[in-house]
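Notes for the one structure printed next.
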Amino acid sequence: RRERDGKTYPPGPSPLPLLGVAHLLDASAPWTTFSDWKAEYGDVVYFRQFGQDVLVLNSEEAVKDLLERRSSNYSDRMDMAVREPYGLNFDTIFHGHDETWRAHRRIAHQGLREHHVDIYQPTQLRFAEALMNSLEESPEQYYSYFQRFAASVVLSAIYDHDVIDENDPILKSVTETNDILGPLQSPGNTILFNVFPLLKYIPTWFPGGWRNVTAARVKVDRTLNMPFEYLEKKIASGNAGNSIALEAMERFRDTNKVADFEKVVKGACCSLYGAASETTSSTLMIFLLAMVKYPDVQKRAQEEIDRALGPGRLPEFADRSSLPYIEAVCRETLRWHPVAPLAVPHSATNDDMYKDWYIPKDTVVIANVWAMSQNPEKYPSPSSFKPERFLDGKGGLTDDSLTYAFGFGRRICPGRHFATNSLWIAIARLLAGFTFESEYVRAGGVVKWHNAVTSMPEPFPCLITPRKSH
Ligand code: HEM
């Protein structure tokens, strides 16, 4: 418990005068530090540095209480220092809880709501087939194929853009932009940038200084505009198929309700793309690592497919309900190592009281998804990959569908239904078509973790062999 100005704040570590709590944080994986603090301080941890209040929520219960039941107060975002210089003001994910953000959410919801996303299944299947073909030709390039799969499915849904190969200009533009922005959005940096106001001026001394900022801005602008230029050409030639962008443009033009609607639609679509591609490809990397580390799980999953589908037939969406173990593998992949272990921090709009504690306006609220996913009471031996924890006694699925991996309250990921479909078809097809082995990992070789926009293993030596029966 902390007393200040006659108010009681939640417990937490004591800051040092200049460093705050930075010396205590593992900057590359702060979720592990926050999880350790759970044992020391509990589910709700508070600290303050240079005037910024920060709250870490270490349990599903605390997150539900604040980010869900009181979502009208906890759906804002903090003022991200990198937003303005890097030209990221358009992005849904950084936007405050305002009218533009609401318009973005309407666009996302319209195109990505539950069941509606089934219209994208034929495209997701087509790109899963392309993924298998590419892997068969040059399996060592698996990571770039995962990236291409993730990008292709979403570019098709948003802009009706078909990615043919790795030279696709939109794909290249986005990959380059992500490469620049990735380090800026790493969990450690995100927290530091916002918790240390002095670092607001970071772009001037960040490696590369202003040169990097200017180059990044050009790339961000190009990523924002290029897909629309393609779409406009298609519309002009009468070749534009259905897409989230086209549908939103037409709806906003007709209703005339949203000012500057073209800018809003462009921003919303580019944000969807930015949030979709790396999260999906990183999850596939985590799946791959799990498969090479847990060959028994891989074998059991393949046996389920062979048994349910018969020899030689590959999974389709219609097979999903007859493959519960595959579904459990997908869920365990999201739990074992969530790609967004701290989700995206929310921010408090007004002062609030929670239990006996005071939570000031503008407090940055970090939901520690990592602590939830590694909770040993809910998930015994949490560091082991065990899909069967999602199966009930009769072999059916439990009702734990891992929604916390996709964030909370009004800010919950609008792409989650689309994402789980993409992951399911890719994972089911990969398991049906290939065997994954890694002598390197088996012999204890170090797998490095890349913690930027998402957290994922860096590519590691892996043998990917087509299965004979497929
Ligand atoms: C495995 C895949 C994915 C994971 C794990 C994931 C996770 C998340 C998380 C944790 C958030 C932050 C939620 C919060 O603030 O509480 C988020 C936000 C968001 N996601 Fe996803 N996501 C995935 C895929 C996608 C896809 C495929 C799309 C779009 C097609 C998408 C679009 C968005 C957008 C636009 C936001 C910002 C929402 C806002 O700030 O209001 N995501 N996602």
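Each chain of the structure tokens is named A, B, ... in the order shown, its residues numbered from 1; ligands are numbered from 1 in display order.
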| said: Could you list, as an MDAnalysis selection string, all residues that come within 6 Å of ligand 1? Count only C-alpha atoms and all ligand atoms. | reply: chainID A and resid 92:93 154 271:272 275:276 279:280 283 339:340 343:344 405:408 411:416 418:419
Would you pick out the contacts of Leu430 in chain A at 10 Å or less, using only C-alpha atoms, so that residues sharing its chain but fewer than 4 positions from it are not included, and give the list as an mmCIF file with N, CA and C atoms, in the first residue's frame?
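Produced file around.cif, reproduced below:
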```cif
data_model
loop_
_atom_site.group_PDB
_atom_site.id
_atom_site.type_symbol
_atom_site.label_atom_id
_atom_site.label_comp_id
_atom_site.auth_asym_id
_atom_site.auth_seq_id
_atom_site.Cartn_x
_atom_site.Cartn_y
_atom_site.Cartn_z
ATOM 1 N N ALA A 128 -3.280 -20.819 -47.965
ATOM 2 C CA ALA A 128 -2.678 -21.927 -47.199
ATOM 3 C C ALA A 128 -2.102 -22.955 -48.185
ATOM 4 N N GLU A 129 -2.807 -23.149 -49.304
ATOM 5 C CA GLU A 129 -2.282 -24.065 -50.332
ATOM 6 C C GLU A 129 -0.987 -23.514 -50.931
ATOM 7 N N LEU A 131 1.076 -21.591 -49.431
ATOM 8 C CA LEU A 131 2.104 -21.755 -48.388
ATOM 9 C C LEU A 131 2.703 -23.160 -48.462
ATOM 10 N N MET A 132 1.846 -24.157 -48.627
ATOM 11 C CA MET A 132 2.335 -25.541 -48.705
ATOM 12 C C MET A 132 3.227 -25.741 -49.932
ATOM 13 N N LEU A 135 6.580 -24.106 -49.361
ATOM 14 C CA LEU A 135 7.382 -24.863 -48.395
ATOM 15 C C LEU A 135 7.973 -26.117 -49.037
ATOM 16 N N LEU A 284 2.627 -18.306 -36.085
ATOM 17 C CA LEU A 284 3.040 -19.514 -36.817
ATOM 18 C C LEU A 284 4.469 -19.918 -36.434
ATOM 19 N N LEU A 288 5.572 -23.485 -34.873
ATOM 20 C CA LEU A 288 6.655 -24.319 -35.408
ATOM 21 C C LEU A 288 7.619 -24.743 -34.301
ATOM 22 N N GLN A 302 -1.259 -35.152 -36.187
ATOM 23 C CA GLN A 302 -1.287 -35.756 -37.535
ATOM 24 C C GLN A 302 -2.172 -36.999 -37.555
ATOM 25 N N LEU A 314 -6.751 -33.405 -47.540
ATOM 26 C CA LEU A 314 -6.228 -32.311 -46.717
ATOM 27 C C LEU A 314 -7.374 -31.564 -46.022
ATOM 28 N N PRO A 315 -7.103 -31.008 -44.832
ATOM 29 C CA PRO A 315 -8.188 -30.359 -44.088
ATOM 30 C C PRO A 315 -8.771 -29.141 -44.803
ATOM 31 N N TRP A 424 -6.007 -21.390 -38.013
ATOM 32 C CA TRP A 424 -6.500 -22.764 -38.050
ATOM 33 C C TRP A 424 -6.170 -23.428 -39.383
ATOM 34 N N ILE A 425 -6.479 -22.751 -40.478
ATOM 35 C CA ILE A 425 -6.276 -23.425 -41.780
ATOM 36 C C ILE A 425 -4.780 -23.618 -42.042
ATOM 37 N N ALA A 426 -3.959 -22.639 -41.648
ATOM 38 C CA ALA A 426 -2.514 -22.790 -41.883
ATOM 39 C C ALA A 426 -1.973 -23.950 -41.036
ATOM 40 N N PHE A 434 3.171 -31.833 -43.679
ATOM 41 C CA PHE A 434 4.621 -31.857 -43.399
ATOM 42 C C PHE A 434 4.936 -32.424 -42.015
ATOM 43 N N THR A 435 6.192 -32.844 -41.900
ATOM 44 C CA THR A 435 6.742 -33.196 -40.599
ATOM 45 C C THR A 435 7.829 -32.166 -40.278
ATOM 46 N N PHE A 436 7.845 -31.736 -39.037
ATOM 47 C CA PHE A 436 8.796 -30.697 -38.625
ATOM 48 C C PHE A 436 9.751 -31.275 -37.588
ATOM 49 N N ILE A 464 11.939 -29.481 -42.733
ATOM 50 C CA ILE A 464 10.498 -29.578 -43.028
ATOM 51 C C ILE A 464 10.338 -30.548 -44.197
ATOM 52 N N PRO A 466 7.853 -33.140 -46.575
ATOM 53 C CA PRO A 466 6.475 -33.500 -46.918
ATOM 54 C C PRO A 466 6.138 -34.877 -46.377
ATOM 55 N N ARG A 467 4.926 -35.047 -45.891
ATOM 56 C CA ARG A 467 4.499 -36.361 -45.399
ATOM 57 C C ARG A 467 4.111 -37.219 -46.598
#
```
**Item:** Selection near Trp449 in chain A, 10 Å with only C-alpha atoms, sequence-local residues under 6 positions removed, as a PyMOL selection string
**Value:** chain A and resi 28-29+455-459
Take the residues just selected and output them with N, CA and C atoms as a tab-separated table (two decimals), in the first residue's frame.
```tsv
chain	number	residue	atom	x	y	z
A	28	SER	N	13.78	-6.32	-22.39
A	28	SER	CA	13.37	-7.03	-23.60
A	28	SER	C	12.13	-7.90	-23.33
A	29	ALA	N	11.90	-8.26	-22.08
A	29	ALA	CA	10.71	-9.07	-21.76
A	29	ALA	C	10.12	-8.59	-20.43
A	455	SER	N	6.25	-10.75	-30.00
A	455	SER	CA	7.32	-11.57	-29.45
A	455	SER	C	7.30	-12.92	-30.15
A	456	MET	N	8.41	-13.29	-30.76
A	456	MET	CA	8.43	-14.57	-31.50
A	456	MET	C	9.86	-15.11	-31.58
A	457	PRO	N	9.99	-16.45	-31.80
A	457	PRO	CA	11.34	-16.98	-31.95
A	457	PRO	C	11.94	-16.53	-33.29
A	458	GLU	N	13.22	-16.22	-33.28
A	458	GLU	CA	13.88	-15.93	-34.56
A	458	GLU	C	14.00	-17.24	-35.33
A	459	PRO	N	14.05	-17.19	-36.68
A	459	PRO	CA	14.15	-18.43	-37.44
A	459	PRO	C	15.31	-19.30	-36.93
```
task: Find the spatial neighbours of Lys468 in chain A, counting only C-alpha atoms, within a cut-off of 12 Å - ignore same-chain residues fewer than 5 positions away - and output them as a list in words.
output: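 Non-adjacent residues within range: Asp306, Pro311, Gly312, Ala432, Gly433, Phe434 and Thr435 of chain A.
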(Q) Could you check the closest approach to Glu61 in chain A for each of A:Leu391, A:Leu171, A:Val369, A:Val447 and tell me which residue wins, using only C-alpha atoms? (A)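 Among the listed residues, the smallest separation from Glu61 in chain A belongs to A:Val369.
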Using only C-alpha atoms, can you tell me which of A:Ala27, A:Ile366, A:Val117, A:Met249 comes closest to Leu67 in chain A?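 Between A:Ala27, A:Ile366, A:Val117, A:Met249, the residue approaching Leu67 in chain A most closely is A:Ile366.
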Using only C-alpha atoms: which of A:Arg222, A:Ile305, A:Val292, A:Tyr273 has the shortest distance to Gly87 in chain A: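 Comparing A:Arg222, A:Ile305, A:Val292, A:Tyr273 against Gly87 in chain A, the winner is A:Arg222.
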Query - A:Val153, A:Arg2, A:Gly12, A:His337 ranked by distance to Asn451 in chain A, top pick (using only C-alpha atoms) - result: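 Smallest separation from Asn451 in chain A among the options: A:His337.
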- Item | Asp65 in chain A surroundings by only C-alpha atoms, 12 Å radius, close-in-sequence under 5 positions cut, as a VMD selection string | chain A and resid 43 to 44 57 59 to 60 70 to 74 353 to 355 367 408 to 409
Helix (DSSP H, G or I) positions in range 77-269 of chain A, given as a ChimeraX atom specification
/A:92-94,99-112,116-137,139-159,169-184,187-195,197-204,209-236,244-255,261-269
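When CA of Val82 in chain A is paired with CA of Thr454 in chain A, their separation reads 17.1 Å.
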### Task
Would you list, as a list in words, the residues of range 214-383 of chain A that end up in strand (DSSP E or B) under DSSP run on this structure's backbone?
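Answer for range 214-383 of chain A, restricted to strand (DSSP E or B): His346, Ser347, Asp352, Met353, Tyr354, Trp357, Tyr358, Ile359, Val364, Val365, Ile366 and Ala367 of chain A.
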Notebook entry, point to check: Could you name the residues that touch Phe34 in chain A at 10 Å or less, counting only C-alpha atoms, but leaving out those on the same chain fewer than 6 positions away, as a VMD selection string?
Noted result: chain A and resid 24 to 26 40 to 41 43 45 56 to 58 342 366 to 368 370 to 371
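With only C-alpha atoms as the atoms that count, the minimum distance from Met80 in chain A to the choices A:Arg429, A:His95, A:Lys7, A:Arg253 is reached by A:His95.
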Surrounding residues of His161 in chain A excluding itself and chain neighbours under 4 positions, 9 Å, only C-alpha atoms, as a VMD selection string
chain A and resid 152 154 to 157 170 227 230 to 231 243
Please produce, as a tab-separated table, a per-residue contact table for range 220-310 of chain A versus range 373-384 of chain A (criterion: any atom at most 10 Å away, only C-alpha atoms considered), showing the nearest atom pair and its distance in Å to one decimal, sorted by chain then residue number.
```
residue	atom	partner	partner_atom	distance
A:Ala290	CA	A:Ser384	CA	9.3
A:Lys293	CA	A:Ser384	CA	9.8
A:Tyr294	CA	A:Ser384	CA	9.0
```
When you count only C-alpha atoms, which of these residues is closest to Ala428 in chain A: A:Asp400, A:Glu316, A:Glu303, A:Asp168?
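Among the listed residues, A:Glu316 lies closest to Ala428 in chain A.
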re CA of Trp31 in chain A and CA of Ser14 in chain A: distance 18.0 Å
